[in-house]
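Novice: Just passing along the structure, written as structure tokens.
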Amino acid sequence: MRTSQAAAELNVSASTVIAWCRDGLLRTTRTAGGHRRILASSVIELRDTLALPDGQREPAMAELRRRNLGDEPADPKPTSS
């Protein structure tokens, strides 16, 4: 799904969707041309997570990040040697 389609589904801006992709809340792939594509199942999973009550939302979002990113940060900073 395109960024704009995910944004419409989640009722947020495209820039929010991009931030969520970088943060590990949405799973993405890249086309041969370098365009971001978001897995529809990931959008549904995040939508359901965002609908959880406050006390359950943050732990569920942390689990999404952990599962989608592993232990790696979304945009790792280069280290100097």
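Simple scheme: letters A, B, ... for chains in structure tokens order, numbers from 1 for residues in each chain, numbers from 1 for ligands in the order shown.
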Do a neighbour search on A:Arg47 at 12 Å with only C-alpha atoms, toss out local chain neighbours closer than 3 positions, and write the hits as number ranges by chain.

Specialist: A: 6-12, 17, 20, 25-26, 40-44, 50-52, 57, 60-61, 64

Novice: Can those selected residues be exported to a file as a JSON list (two decimals), in the first residue's frame so that it contains C-alpha atoms?

Specialist:
```json
[["chain", "number", "residue", "atom", "x", "y", "z"],
["A", 6, "ALA", "CA", -1.95, 4.06, 4.63],
["A", 7, "ALA", "CA", -2.43, 7.66, 5.78],
["A", 8, "ALA", "CA", -6.05, 7.63, 4.61],
["A", 9, "GLU", "CA", -6.68, 4.27, 6.30],
["A", 10, "LEU", "CA", -5.18, 5.50, 9.58],
["A", 11, "ASN", "CA", -6.68, 9.00, 9.28],
["A", 12, "VAL", "CA", -3.31, 10.73, 9.68],
["A", 17, "VAL", "CA", 2.95, 7.46, 8.35],
["A", 20, "TRP", "CA", 5.77, 5.58, 12.04],
["A", 25, "LEU", "CA", 5.35, 0.83, 13.96],
["A", 26, "LEU", "CA", 4.68, -0.07, 10.30],
["A", 40, "ALA", "CA", -1.63, -3.80, 4.56],
["A", 41, "SER", "CA", -1.53, -6.26, 7.47],
["A", 42, "SER", "CA", 0.81, -3.87, 9.29],
["A", 43, "VAL", "CA", -1.61, -0.97, 8.78],
["A", 44, "ILE", "CA", -4.48, -3.05, 10.17],
["A", 50, "LEU", "CA", -4.17, 2.64, 18.26],
["A", 51, "ALA", "CA", -7.76, 1.75, 19.20],
["A", 52, "LEU", "CA", -6.66, 0.10, 22.46],
["A", 57, "ARG", "CA", -1.69, 1.04, 23.86],
["A", 60, "ALA", "CA", 1.35, -2.93, 22.39],
["A", 61, "MET", "CA", 3.16, -0.23, 20.40],
["A", 64, "LEU", "CA", 5.18, -3.69, 17.42]]
```

Novice: Among chain A, which residues carry a DSSP assignment of helix (DSSP H, G or I), reported as JSON, numbers by chain?

Specialist: {"A": [3, 4, 5, 6, 7, 8, 9, 10, 14, 15, 16, 17, 18, 19, 20, 21, 22, 23, 40, 41, 42, 43, 44, 45, 46, 47, 48, 49, 50, 54, 55, 56, 57, 58, 59, 60, 61, 62, 63, 64, 65, 66, 67, 68, 69]}

Novice: Can you work out the spacing between atom CA of A:Asn68 and atom CA of A:Arg27 in Å, to one decimal?

Specialist: 6.3 Å

Novice: Record the distance separating atom CA of A:Ala62 and atom CA of A:Ser4, expressed in Å with one decimal.

Specialist: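 So the two atoms, atom CA of A:Ala62 and atom CA of A:Ser4, lie 24.1 Å apart.
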
Novice: Kindly give the distance, in Å, that separates atom CA of A:Met1 and atom CA of A:Asp54, rounded to a single decimal.

Specialist: 27.7 Å

Novice: May I have all residues of chain A that DSSP, computed from the backbone, assigns to strand (DSSP E), given as a list in words?

Specialist: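 Of chain A, the ones in strand (DSSP E) are Thr28, Thr29, Arg30, Arg36, Arg37 and Ile38 of chain A.
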